[in-house]
Number of protein chains: 4
Amino acid sequence: MCRVMAYLGTPVLLDDLLFRPDNSLVRQTYAPQMLHKLNLAGFGMAAWDPASHRAGEPFVYKVTELPIFDGNLKNLAEKLRASCVLAHVRGVPYTDRSHVERANIHPFRFPGYRLCLAHNGDLADFGRMKFELLRHIEPGIARQIAGTTDSEWIYALLMSQVNDPTGDLALKEILPAVERTLAILRAVRRKLGIAVSSSANLFLCDGNDLVATRFTFDFGCYGNEVREANLSYLSLWFTIGRNYSFRDGEWKMEGGGKHADSVIVASEPLTQDTSTWIEVPEYSLLYVTTQRGRRHVETVPLEV
Amino acid sequence: MCRVMAYLGTPVLLDDLLFRPDNSLVRQTYAPQMLHKLNLAGFGMAAWDPASHRAGEPFVYKVTELPIFDGNLKNLAEKLRASCVLAHVRGVPYTDRSHVERANIHPFRFPGYRLCLAHNGDLADFGRMKFELLRHIEPGIARQIAGTTDSEWIYALLMSQVNDPTGDLALKEILPAVERTLAILRAVRRKLGIAVSSSANLFLCDGNDLVATRFTFDFGCYGNEVREANLSYLSLWFTIGRNYSFRDGEWKMEGGGKHADSVIVASEPLTQDTSTWIEVPEYSLLYVTTQRGRRHVETVPLEV
Amino acid sequence: MCRVMAYLGTPVLLDDLLFRPDNSLVRQTYAPQMLHKLNLAGFGMAAWDPASHRAGEPFVYKVTELPIFDGNLKNLAEKLRASCVLAHVRGVPYTDRSHVERANIHPFRFPGYRLCLAHNGDLADFGRMKFELLRHIEPGIARQIAGTTDSEWIYALLMSQVNDPTGDLALKEILPAVERTLAILRAVRRKLGIAVSSSANLFLCDGNDLVATRFTFDFGCYGNEVREANLSYLSLWFTIGRNYSFRDGEWKMEGGGKHADSVIVASEPLTQDTSTWIEVPEYSLLYVTTQRGRRHVETVPLEV
Amino acid sequence: MCRVMAYLGTPVLLDDLLFRPDNSLVRQTYAPQMLHKLNLAGFGMAAWDPASHRAGEPFVYKVTELPIFDGNLKNLAEKLRASCVLAHVRGVPYTDRSHVERANIHPFRFPGYRLCLAHNGDLADFGRMKFELLRHIEPGIARQIAGTTDSEWIYALLMSQVNDPTGDLALKEILPAVERTLAILRAVRRKLGIAVSSSANLFLCDGNDLVATRFTFDFGCYGNEVREANLSYLSLWFTIGRNYSFRDGEWKMEGGGKHADSVIVASEPLTQDTSTWIEVPEYSLLYVTTQRGRRHVETVPLEV
């Protein structure tokens with residue numbers, strides 16, 4: 001049911017995040033450590049390289065094929081040094097009805113918008129919720145929905161909670177929009193009598209900001225169909241420090257929160273050695289702040 | 001803006017419809033005769049082979065790749081002898097925003113339904129119409145919409161006009177459902193003030209029946225963006241007879257309506273020699289009836 | 001490093017071989033039971049349906065995408081009842097240099113030929129062997145090689161050992177050709193000093209015959225790079241009987257060699273319950289004979 | 001039979017070469033001006049962006065899908081400013097035997113090599129020539145051939161004519177290697193009695209150099225199968241100047257050879273207005289020299 005990785009910090013070669021660590025995001029497609037189901041339904045990323053032309057616009061790359069065999073992606077990963085990355089590998093039920101399509105690849109980002117969203121989880125009985133959400137989504141935003149995922153609808157709902165979805169949104173706008181989005185989902189679920197465990201680990205990036213949630217509606221309540229994504233609380237971890245690189249046989253940051261300039265947030269650590277990683281608490285909202293060039297990770301309870 | 005071909009008759013090798021004629025449907029992807037824009041955005045078909053297992057269920061094949069290079073399709077075409085075929089090649093604007101996805105490949109057919117729909121044309125300003133149509137579509141049907149085409153919404157709308165969309169529908173149910181569908185589209189357009197030329201050449205097959213429309217809303221009214229599909233009345237032709245085969249240097253039927261057992265309806269004739277083909281009148285509804293093993297083509301004016 | 005399944009017998013729905021058993025071939029792509037590496041690099045099959053047009057010609061279907069998400073394949077599997085099937089899922093090293101291409105999808109079958117080959121295993125240092133094999137391959141056959149696999153070269157080598165590669169080959173021609181093929185490979189390896197464990201589990205079908213080998217060159221000799229495919233003797237199993245179907249909670253044949261009319265040979269049993277399956281001995285050649293409508297499995301030692 | 005474009009000069013946005021001109025390379029896939037056959041079998045490029053990480057290594061991107069619908073390519077084109085580009089769109093016969101595979105996408109470049117090659121044309125009866133060329137190709141280079149094109153074999157042959165194929169080759173090494181390559185092809189053709197018109201418009205780039213040929217073996221001699229690529233002398237054009245941009249309703253350079261810093265060489269001009277473009281003479285070798293920051297185009301007769 002998907003794996004996600006977000007990075008914000010000093011420029012790092014994409015290869016060092018996506019391919020090279022022993023539990024890199026690309027490896028998590030076929031060998032995740034904290035999930036039984038594989039994530040074989042596509043790869044997507046937005047990556048901001050400050051040395052590139054129009055540095056405020058990300059490189060965006062989405063494919064339904066497996067990233068481990070993808071020469072185009074491997075080449076990009078060896079060429080781009082990104083200061084912000086949001087990357088996602090998609091897991092879906094093992095059936096031909098799963099709509100493995102480019103339109104369903106995360107992260108979502110409508111034309112002209114800056115904020116991107118990726119999602120780890122799934123909303124139970126979403127077919128019934130979908131059109132009910134229309135009254136909470138700006139018509140001009142709703143029309144841009146192109147795929148079948150609950151995730152893209154969550155994105156449309158979220159972008160309807162801010163004044164100008166094409167603007168460069170500050171944390172003080174993003175954070176309440178995330179909370180309102182979850183509150184609307186909760187209200188619609190209640191209205192429709194949906195009370196089944198549903199995960200909404202959301203990841204948001206725009207090149208400057210990184211926000212994530214570790215959240216599950218009605219955790220522990222199962223319907224007839226128990227999915228792995230609902231059975232346990234989906235994992236979320238982060239690491240903070242500087243000079244992310246391969247040292248002493250391990251990909252890691254130099255620790256020490258005081259001098260940290262870089263953060264990775266991911267569904268699971270990028271290395272099997274998790275000693276430099278911290279688990280994000282359940283029911284919480286995480287965001288990264290920057291003060292005098294130092295980065296901090298804040299986590300607050302999500303009271304939705 | 002798409003080309004479509006439908007066949008109903010004695011079993012014919014798919015190869016003889018899709019690949020071998022000099023203006024076959026597959027050739028119409030890169031060299032259509034009655035359209036300037038190419039149809040490079042995918043191929044789809046439903047084909048009923050009476051010798052196959054569960055003959056009432058069609059072979060369904062959909063790809064976004066070009067059919068002319070597709071060895072899987074060519075093999076199928078050389079193996080299947082179909083008594084009913086509905087095949088479509090998709091044309092879209094030349095831009096990366098065109099959503100070339102499998103979910104957008106015609107013909108549309110929801111799980112468990114028998115009737116399939118393919119569409120040649122496009123509804124102007126469909127983004128605005130889309131959610132407005134929801135009140136005319138059964139919720140359980142609306143939820144199955146997976147792509148971004150107006151065509152799939154038309155299919156959902158049409159299937160909401162019959163009592164049991166999973167049933168084996170008779171012509172007497174299909175024909176009024178088509179008319180109601182067009183009437184609803186007309187009403188929604190009027191409500192939203194959309195008065196721009198919009199083509200709705202629809203093709204319906206279920207293995208036993210073949211229905212098609214040659215129809216344009218507000219023909220001759222252009223908005224700011226003039227598309228080829230709207231500029232002229234989209235073509236529709238048919239041929240009727242028996243023993244479709246290659247004779248005297250040409251793919252054709254033996255004519256003579258009295259003994260006809262087979263009909264091809266297509267956006268344009270499958271041969272450059274159009275002498276055995278008849279143009280369907282504008283604003284009309286075409287359907288095929290069967291009496292004592294003979295097939296007849298009926299065309300009636302569409303008064304929507 | 002690939003999984004293969006071959007079937008010869010009374011017509012059986014492809015779905016019942018490819019998708020429905022708990023360890024079906026399609027499931028073996030992402031969850032094989034007797035292999036650690038996954039088989040994510042494509043699916044291919046040749047399937048002979050006696051009810052189809054030109055029944056001697058197989059349905060051939062090859063894709064590089066994952067079969068579990070493939071609606072076209074699932075539809076075919078629900079429509080075809082095959083009396084002979086050769087199907088393969090491809091495993092390759094996890095790198096973008098693995099040439100995941102349609103030209104590399106098994107089974108191999110050159111235009112106009114009847115015999116198809118699929119391969120489970122890989123020949124060490126094949127880059128050096130490749131052009132050395134040219135002197136043992138008919139030039140007209142060598143020119144048809146389109147991909148990068150050792151398997152396709154083995155096919156070309158094998159087809160050069162028979163009088164008429166386009167003919168309907170009898171077992172008495174196929175079996176010595178297989179032995180000569182392995183002997184040539186052994187000689188070329190010796191000449192080049194290649195003495196590293198290399199598996200050659202070959203599967204051959206032409207609609208009427210089924211031949212397989214369970215064979216490894218220099219088993220137990222490892223070079224610098226130890227691959228899973230070389231570390232253990234690659235598995236090969238078969239089951240024989242009649243009325244293959246789901247009974248008592250399990251996909252299986254009614255046993256009893258005396259009345260058997262159908263055989264499945266596969267890299268690993270199609271069910272987790274292996275009680276009706278028999279392991280093929282190492283270093284052996286297996287083939288199916290038919291006498292008075294009864295099928296027998298013969299296995300003889302491969303003395304190459 | 002393919003279209004190619006090469007650029008060497010001051011950094012230019014890829015979008016301004018690949019997509020925006022009225023006869024851009026991407027448009028030449030479905031609407032070339034100087035070729036009847038379309039180029040629908042894939043797109044590939046190598047592009048050197050001096051602002052990127054490891055600027056000496058190109059961005060490499062290859063797909064078999066149509067570039068006009070490719071959001072990944074469009075995004076790359078809007079992000080990269082390249083000082084050198086070699087891009088190619090592939091045309092193949094309209095049949096499923098055409099091997100539309102990633103391994104056949106130009107430009108070719110083996111791992112660790114710097115020089116890339118793209119080809120417009122095709123060598124008649126190449127199946128017979130292929131293995132005959134092996135004696136002229138270094139074994140270690142021959143082993144890297146992965147596809148079915150004559151073009152990749154020409155690349156392997158060419159790279160066997162230089163001392164160190166992984167080195168940064170100077171013009172004085174590249175130019176004689178091109179001539180030797182053509183001479184070997186000529187000799188092998190003569191040996192095999194192949195005297196049919198065969199085009200070899202070659203394009204070579206390594207980030208610093210640009211070399212091209214406009215050349216046809218046995219022009220005017222046709223065999224049984226006349227292909228468009230052989231019927232006329234394949235076109236090749238160039239333009240030189242500075243400040244390539246959209247001015248006065250046209251994409252063009254400011255002319256004046258004295259101050260030129262940039263060159264485009266292409267199968268056909270990128271604009272329908274060809275007034276600032278010059279046709280390369282038949283039977284000639286073109287290369288770009290740089291002196292005191294000024295670029296010059298030299299063309300010399302190819303006497304092979």
# chains A, B, ... in the order shown; residues from 1 in each chain; ligands from 1
>>> interface_residues(of="chain D", to="chain C", cutoff="7 Å", atoms="only C-alpha atoms", output="PyMOL selection string")
chain D and resi 101-102+127+143+146-148
>>> write_last_selection(atoms="N, CA and C atoms", output="PDB file, in the first residue's frame")
ATOM      1  N   GLU D 101      11.540  -1.443 -29.682  1.00  0.00           N
ATOM      2  CA  GLU D 101      12.079  -1.801 -28.364  1.00  0.00           C
ATOM      3  C   GLU D 101      12.996  -0.670 -27.894  1.00  0.00           C
ATOM      4  N   ARG D 102      13.139  -0.538 -26.614  1.00  0.00           N
ATOM      5  CA  ARG D 102      14.041   0.478 -26.084  1.00  0.00           C
ATOM      6  C   ARG D 102      15.483   0.232 -26.554  1.00  0.00           C
ATOM      7  N   GLY D 127      20.852  -8.071 -42.483  1.00  0.00           N
ATOM      8  CA  GLY D 127      20.916  -9.391 -41.848  1.00  0.00           C
ATOM      9  C   GLY D 127      22.133 -10.182 -42.314  1.00  0.00           C
ATOM     10  N   ARG D 143      30.050  -7.473 -27.866  1.00  0.00           N
ATOM     11  CA  ARG D 143      29.186  -8.081 -26.840  1.00  0.00           C
ATOM     12  C   ARG D 143      28.158  -7.127 -26.279  1.00  0.00           C
ATOM     13  N   ALA D 146      22.902  -4.693 -28.111  1.00  0.00           N
ATOM     14  CA  ALA D 146      21.713  -5.230 -27.427  1.00  0.00           C
ATOM     15  C   ALA D 146      20.485  -5.287 -28.305  1.00  0.00           C
ATOM     16  N   GLY D 147      20.473  -4.561 -29.407  1.00  0.00           N
ATOM     17  CA  GLY D 147      19.253  -4.481 -30.202  1.00  0.00           C
ATOM     18  C   GLY D 147      19.411  -5.090 -31.574  1.00  0.00           C
ATOM     19  N   THR D 148      18.499  -4.712 -32.461  1.00  0.00           N
ATOM     20  CA  THR D 148      18.467  -5.317 -33.795  1.00  0.00           C
ATOM     21  C   THR D 148      18.817  -4.336 -34.905  1.00  0.00           C
TER      22      THR D 148
END
>>> calpha_fit_and_write(fixed="chain C", moving="chain B", output="short mmCIF file (atom, residue, chain, number, x, y, z; two decimals) with C-alpha atoms, in the first residue's frame")
data_model
loop_
_atom_site.label_atom_id
_atom_site.label_comp_id
_atom_site.auth_asym_id
_atom_site.auth_seq_id
_atom_site.Cartn_x
_atom_site.Cartn_y
_atom_site.Cartn_z
CA MET B 1 15.74 -16.28 -12.56
CA CYS B 2 12.45 -17.13 -14.24
CA ARG B 3 9.62 -19.56 -13.69
CA VAL B 4 8.06 -21.67 -16.42
CA MET B 5 4.93 -23.75 -16.81
CA ALA B 6 4.00 -26.14 -19.61
CA TYR B 7 0.76 -28.01 -20.09
CA LEU B 8 -0.29 -30.76 -22.46
CA GLY B 9 -3.66 -32.43 -22.17
CA THR B 10 -7.38 -32.00 -22.49
CA PRO B 11 -8.41 -28.39 -22.95
CA VAL B 12 -8.21 -26.38 -19.75
CA LEU B 13 -9.12 -22.76 -19.15
CA LEU B 14 -5.95 -20.70 -19.05
CA ASP B 15 -7.27 -18.86 -16.01
CA ASP B 16 -7.11 -22.13 -14.08
CA LEU B 17 -3.39 -22.43 -14.78
CA LEU B 18 -2.18 -18.85 -14.87
CA PHE B 19 -4.23 -17.02 -12.25
CA ARG B 20 -6.43 -19.13 -10.02
CA PRO B 21 -4.19 -21.66 -8.20
CA ASP B 22 -2.69 -20.37 -4.98
CA ASN B 23 0.80 -20.57 -6.46
CA SER B 24 -0.18 -19.92 -10.06
CA LEU B 25 2.45 -18.89 -12.58
CA VAL B 26 1.31 -15.27 -12.42
CA ARG B 27 1.61 -15.27 -8.63
CA GLN B 28 5.13 -16.66 -9.03
CA THR B 29 6.13 -13.30 -10.49
CA TYR B 30 5.88 -11.54 -7.13
CA ALA B 31 5.72 -14.45 -4.69
CA PRO B 32 7.52 -17.56 -5.94
CA GLN B 33 7.85 -20.35 -3.38
CA MET B 34 11.13 -21.94 -4.51
CA LEU B 35 13.19 -18.91 -5.47
CA HIS B 36 14.22 -15.80 -3.56
CA LYS B 37 14.44 -13.46 -6.52
CA LEU B 38 11.21 -12.23 -8.05
CA ASN B 39 10.24 -12.61 -11.70
CA LEU B 40 9.22 -9.08 -12.56
CA ALA B 41 10.68 -8.66 -16.04
CA GLY B 42 7.78 -9.80 -18.18
CA PHE B 43 5.37 -12.55 -19.13
CA GLY B 44 5.02 -14.57 -22.30
CA MET B 45 3.03 -17.54 -23.50
CA ALA B 46 2.10 -19.66 -26.46
CA ALA B 47 -1.29 -21.38 -26.04
CA TRP B 48 -2.99 -23.74 -28.46
CA ASP B 49 -6.79 -23.66 -28.28
CA PRO B 50 -8.26 -26.49 -30.40
CA ALA B 51 -11.53 -24.56 -30.84
CA SER B 52 -9.80 -21.57 -32.37
CA HIS B 53 -9.24 -20.64 -35.99
CA ARG B 54 -6.16 -22.40 -37.39
CA ALA B 55 -5.85 -24.46 -34.24
CA GLY B 56 -2.31 -25.53 -35.05
CA GLU B 57 -1.15 -21.95 -34.55
CA PRO B 58 -0.86 -20.79 -30.96
CA PHE B 59 -2.13 -17.64 -29.36
CA VAL B 60 1.06 -15.77 -28.53
CA TYR B 61 1.11 -13.02 -25.97
CA LYS B 62 4.16 -11.22 -24.60
CA VAL B 63 4.47 -8.19 -22.37
CA THR B 64 7.15 -6.61 -20.25
CA GLU B 65 4.56 -5.35 -17.77
CA LEU B 66 3.47 -7.32 -14.72
CA PRO B 67 0.84 -9.94 -15.66
CA ILE B 68 -1.05 -9.57 -12.39
CA PHE B 69 -2.23 -6.08 -13.40
CA ASP B 70 -2.82 -6.94 -17.06
CA GLY B 71 -6.47 -6.84 -18.05
CA ASN B 72 -5.73 -8.05 -21.57
CA LEU B 73 -4.08 -11.20 -20.29
CA LYS B 74 -6.76 -11.82 -17.67
CA ASN B 75 -9.42 -11.56 -20.40
CA LEU B 76 -7.53 -13.98 -22.64
CA ALA B 77 -7.11 -16.38 -19.73
CA GLU B 78 -10.87 -16.39 -19.22
CA LYS B 79 -11.58 -17.04 -22.91
CA LEU B 80 -9.07 -19.64 -24.03
CA ARG B 81 -9.21 -23.36 -23.31
CA ALA B 82 -5.84 -24.68 -24.29
CA SER B 83 -4.68 -28.22 -24.96
CA CYS B 84 -1.07 -27.06 -24.88
CA VAL B 85 0.51 -24.10 -23.13
CA LEU B 86 4.03 -22.86 -22.65
CA ALA B 87 4.19 -19.85 -20.33
CA HIS B 88 7.10 -18.05 -18.72
CA VAL B 89 7.71 -15.22 -16.27
CA ARG B 90 11.10 -13.62 -16.46
CA GLY B 91 13.43 -12.82 -13.62
CA VAL B 92 16.50 -10.65 -14.17
CA PRO B 93 19.08 -8.93 -11.96
CA TYR B 94 17.72 -5.84 -10.21
CA THR B 95 19.38 -3.18 -12.34
CA ASP B 96 18.51 -0.90 -15.21
CA ARG B 97 21.04 -2.76 -17.37
CA SER B 98 18.83 -5.84 -17.44
CA HIS B 99 17.28 -5.20 -20.85
CA VAL B 100 13.63 -5.58 -19.95
CA GLU B 101 12.42 -5.68 -23.54
CA ARG B 102 9.73 -7.55 -25.43
CA ALA B 103 12.43 -9.16 -27.59
CA ASN B 104 13.70 -10.92 -24.48
CA ILE B 105 10.35 -12.40 -23.46
CA HIS B 106 10.05 -16.18 -23.67
CA PRO B 107 8.88 -18.44 -25.23
CA PHE B 108 10.96 -17.94 -28.34
CA ARG B 109 9.53 -18.93 -31.69
CA PHE B 110 10.79 -17.63 -35.02
CA PRO B 111 8.28 -16.79 -37.76
CA GLY B 112 7.01 -19.92 -39.44
CA TYR B 113 8.50 -22.30 -36.87
CA ARG B 114 6.29 -24.55 -34.76
CA LEU B 115 8.50 -25.44 -31.83
CA CYS B 116 8.70 -22.88 -28.98
CA LEU B 117 11.32 -22.70 -26.25
CA ALA B 118 11.34 -21.21 -22.76
CA HIS B 119 14.30 -21.35 -20.42
CA ASN B 120 14.81 -21.23 -16.68
CA GLY B 121 18.43 -20.57 -15.84
CA ASP B 122 21.35 -18.67 -17.26
CA LEU B 123 24.65 -19.50 -18.87
CA ALA B 124 27.61 -17.97 -17.09
CA ASP B 125 29.79 -15.63 -19.13
CA PHE B 126 27.43 -15.83 -22.07
CA GLY B 127 28.83 -12.67 -23.65
CA ARG B 128 31.95 -14.63 -24.52
CA MET B 129 30.05 -17.67 -25.77
CA LYS B 130 27.64 -15.84 -28.01
CA PHE B 131 29.51 -15.27 -31.23
CA GLU B 132 31.42 -18.52 -30.72
CA LEU B 133 28.07 -20.29 -31.18
CA LEU B 134 27.64 -18.76 -34.63
CA ARG B 135 29.54 -21.61 -36.27
CA HIS B 136 26.92 -24.03 -34.92
CA ILE B 137 23.88 -22.00 -35.98
CA GLU B 138 22.44 -21.80 -39.47
CA PRO B 139 23.05 -18.26 -40.81
CA GLY B 140 19.39 -17.82 -41.72
CA ILE B 141 18.44 -18.77 -38.17
CA ALA B 142 21.11 -16.66 -36.49
CA ARG B 143 19.84 -13.57 -38.28
CA GLN B 144 16.51 -13.89 -36.57
CA ILE B 145 17.92 -13.45 -33.08
CA ALA B 146 16.48 -10.16 -31.85
CA GLY B 147 17.22 -9.90 -28.14
CA THR B 148 20.01 -10.23 -25.63
CA THR B 149 19.18 -13.46 -23.84
CA ASP B 150 21.25 -16.62 -23.81
CA SER B 151 17.87 -18.37 -24.12
CA GLU B 152 17.15 -17.06 -27.60
CA TRP B 153 20.61 -18.18 -28.74
CA ILE B 154 19.93 -21.62 -27.28
CA TYR B 155 16.72 -21.67 -29.30
CA ALA B 156 18.57 -20.72 -32.48
CA LEU B 157 21.18 -23.37 -31.75
CA LEU B 158 18.51 -26.01 -31.12
CA MET B 159 16.60 -25.17 -34.28
CA SER B 160 19.83 -25.55 -36.24
CA GLN B 161 20.04 -29.20 -35.13
CA VAL B 162 16.92 -30.31 -37.00
CA ASN B 163 16.42 -30.85 -40.69
CA ASP B 164 13.50 -28.51 -41.20
CA PRO B 165 12.93 -26.01 -38.40
CA THR B 166 9.59 -25.03 -39.92
CA GLY B 167 8.35 -28.62 -39.89
CA ASP B 168 6.12 -30.45 -37.42
CA LEU B 169 8.91 -32.12 -35.50
CA ALA B 170 8.43 -35.51 -33.89
CA LEU B 171 9.85 -36.42 -30.49
CA LYS B 172 12.46 -38.56 -32.20
CA GLU B 173 13.84 -35.43 -33.81
CA ILE B 174 13.41 -33.09 -30.86
CA LEU B 175 15.08 -35.24 -28.22
CA PRO B 176 18.42 -35.76 -29.99
CA ALA B 177 18.40 -32.08 -31.01
CA VAL B 178 18.14 -31.12 -27.35
CA GLU B 179 21.04 -33.39 -26.48
CA ARG B 180 23.18 -32.06 -29.31
CA THR B 181 22.38 -28.51 -28.22
CA LEU B 182 23.56 -29.17 -24.68
CA ALA B 183 26.64 -30.96 -25.99
CA ILE B 184 27.58 -27.99 -28.16
CA LEU B 185 27.10 -25.62 -25.23
CA ARG B 186 29.31 -27.88 -23.13
CA ALA B 187 32.00 -27.93 -25.84
CA VAL B 188 31.99 -24.16 -26.26
CA ARG B 189 32.19 -23.69 -22.50
CA ARG B 190 35.15 -26.02 -22.35
CA LYS B 191 36.88 -24.26 -25.23
CA LEU B 192 36.48 -20.91 -23.49
CA GLY B 193 37.37 -22.25 -20.08
CA ILE B 194 33.97 -21.50 -18.56
CA ALA B 195 33.47 -23.91 -15.68
CA VAL B 196 30.90 -22.10 -13.58
CA SER B 197 27.54 -23.56 -12.58
CA SER B 198 25.00 -22.73 -15.30
CA SER B 199 21.40 -23.85 -15.41
CA ALA B 200 19.60 -24.94 -18.53
CA ASN B 201 16.11 -26.00 -17.58
CA LEU B 202 14.60 -25.94 -21.05
CA PHE B 203 10.92 -26.28 -21.98
CA LEU B 204 9.77 -27.08 -25.50
CA CYS B 205 6.24 -27.20 -26.88
CA ASP B 206 4.71 -27.24 -30.34
CA GLY B 207 1.08 -27.91 -29.57
CA ASN B 208 1.44 -31.70 -29.59
CA ASP B 209 4.66 -32.35 -27.72
CA LEU B 210 6.13 -31.34 -24.41
CA VAL B 211 9.82 -31.77 -23.64
CA ALA B 212 11.76 -30.39 -20.70
CA THR B 213 15.21 -30.68 -19.19
CA ARG B 214 16.39 -30.30 -15.65
CA PHE B 215 20.05 -29.73 -16.18
CA THR B 216 22.99 -27.74 -14.86
CA PHE B 217 26.47 -27.51 -16.33
CA ASP B 218 29.25 -27.77 -13.77
CA PHE B 219 26.86 -27.75 -10.86
CA GLY B 220 28.56 -26.67 -7.66
CA CYS B 221 31.33 -24.68 -9.35
CA TYR B 222 31.06 -20.97 -8.63
CA GLY B 223 32.96 -18.09 -10.08
CA ASN B 224 33.30 -14.70 -8.49
CA GLU B 225 29.67 -13.82 -8.89
CA VAL B 226 27.37 -16.32 -7.23
CA ARG B 227 23.82 -16.05 -8.52
CA GLU B 228 20.87 -17.70 -6.85
CA ALA B 229 20.14 -19.51 -10.11
CA ASN B 230 23.49 -21.25 -9.84
CA LEU B 231 23.64 -21.84 -6.13
CA SER B 232 21.02 -24.53 -5.96
CA TYR B 233 19.79 -26.94 -8.56
CA LEU B 234 16.82 -25.19 -10.11
CA SER B 235 13.59 -26.93 -9.31
CA LEU B 236 11.37 -28.76 -11.80
CA TRP B 237 8.17 -30.62 -11.04
CA PHE B 238 5.33 -32.32 -12.85
CA THR B 239 1.88 -33.68 -12.19
CA ILE B 240 -0.13 -36.07 -14.32
CA GLY B 241 -3.73 -37.20 -14.30
CA ARG B 242 -7.09 -36.05 -15.60
CA ASN B 243 -9.81 -33.50 -14.87
CA TYR B 244 -7.56 -30.75 -13.57
CA SER B 245 -9.87 -28.60 -11.46
CA PHE B 246 -10.56 -27.16 -8.04
CA ARG B 247 -11.72 -29.87 -5.69
CA ASP B 248 -11.52 -30.26 -1.92
CA GLY B 249 -10.01 -26.84 -1.58
CA GLU B 250 -7.19 -27.47 -3.99
CA TRP B 251 -6.33 -27.23 -7.69
CA LYS B 252 -5.28 -30.69 -8.78
CA MET B 253 -5.70 -33.54 -11.22
CA GLU B 254 -7.40 -36.79 -10.52
CA GLY B 255 -4.40 -39.03 -10.18
CA GLY B 256 -3.74 -42.47 -11.48
CA GLY B 257 -1.21 -42.73 -14.23
CA LYS B 258 -3.22 -45.36 -16.06
CA HIS B 259 -5.97 -43.02 -17.09
CA ALA B 260 -3.97 -39.84 -17.31
CA ASP B 261 -4.61 -37.56 -20.25
CA SER B 262 -2.95 -34.38 -19.04
CA VAL B 263 0.43 -33.26 -17.75
CA ILE B 264 1.70 -30.06 -16.16
CA VAL B 265 5.43 -29.48 -15.94
CA ALA B 266 6.53 -26.41 -14.00
CA SER B 267 9.47 -24.84 -12.23
CA GLU B 268 7.47 -25.21 -9.06
CA PRO B 269 4.06 -26.69 -8.26
CA LEU B 270 1.09 -24.41 -8.91
CA THR B 271 -0.21 -25.07 -5.43
CA GLN B 272 1.39 -24.80 -2.04
CA ASP B 273 0.16 -28.30 -1.39
CA THR B 274 2.67 -30.27 -3.46
CA SER B 275 1.30 -33.72 -2.63
CA THR B 276 0.13 -34.48 -6.17
CA TRP B 277 3.35 -33.23 -7.75
CA ILE B 278 6.55 -35.16 -8.47
CA GLU B 279 10.02 -33.67 -8.61
CA VAL B 280 11.91 -34.29 -11.84
CA PRO B 281 15.32 -35.85 -11.18
CA GLU B 282 18.42 -33.75 -11.72
CA TYR B 283 20.31 -34.21 -14.99
CA SER B 284 17.31 -35.56 -16.79
CA LEU B 285 15.27 -35.12 -19.92
CA LEU B 286 11.50 -35.33 -19.60
CA TYR B 287 9.00 -35.83 -22.37
CA VAL B 288 5.39 -36.75 -22.74
CA THR B 289 4.23 -39.64 -24.88
CA THR B 290 0.69 -40.39 -25.97
CA GLN B 291 -0.62 -43.91 -26.49
CA ARG B 292 -4.29 -44.66 -27.10
CA GLY B 293 -5.24 -41.28 -25.68
CA ARG B 294 -3.28 -41.84 -22.48
CA ARG B 295 -0.38 -39.63 -21.63
CA HIS B 296 2.82 -40.81 -20.02
CA VAL B 297 5.76 -38.89 -18.64
CA GLU B 298 9.13 -40.37 -19.44
CA THR B 299 12.33 -39.18 -17.83
CA VAL B 300 15.74 -40.31 -18.96
CA PRO B 301 19.18 -39.30 -17.68
CA LEU B 302 20.87 -36.57 -19.68
CA GLU B 303 24.32 -37.78 -20.45
CA VAL B 304 25.88 -34.78 -22.03
#
>>> select_by_dssp(residues="region 154-256 of chain A", states="helix (DSSP H, G or I)", output="PyMOL selection string")
chain A and resi 154-159+171-192+228-231
>>> select_by_dssp(residues="region 46-265 of chain C", states="strand (DSSP E)", output="ChimeraX atom specification")
/C:46-48,59-63,81-89,116-120,198-199,201-205,210-214,216-217,237-247,250-254,262-265
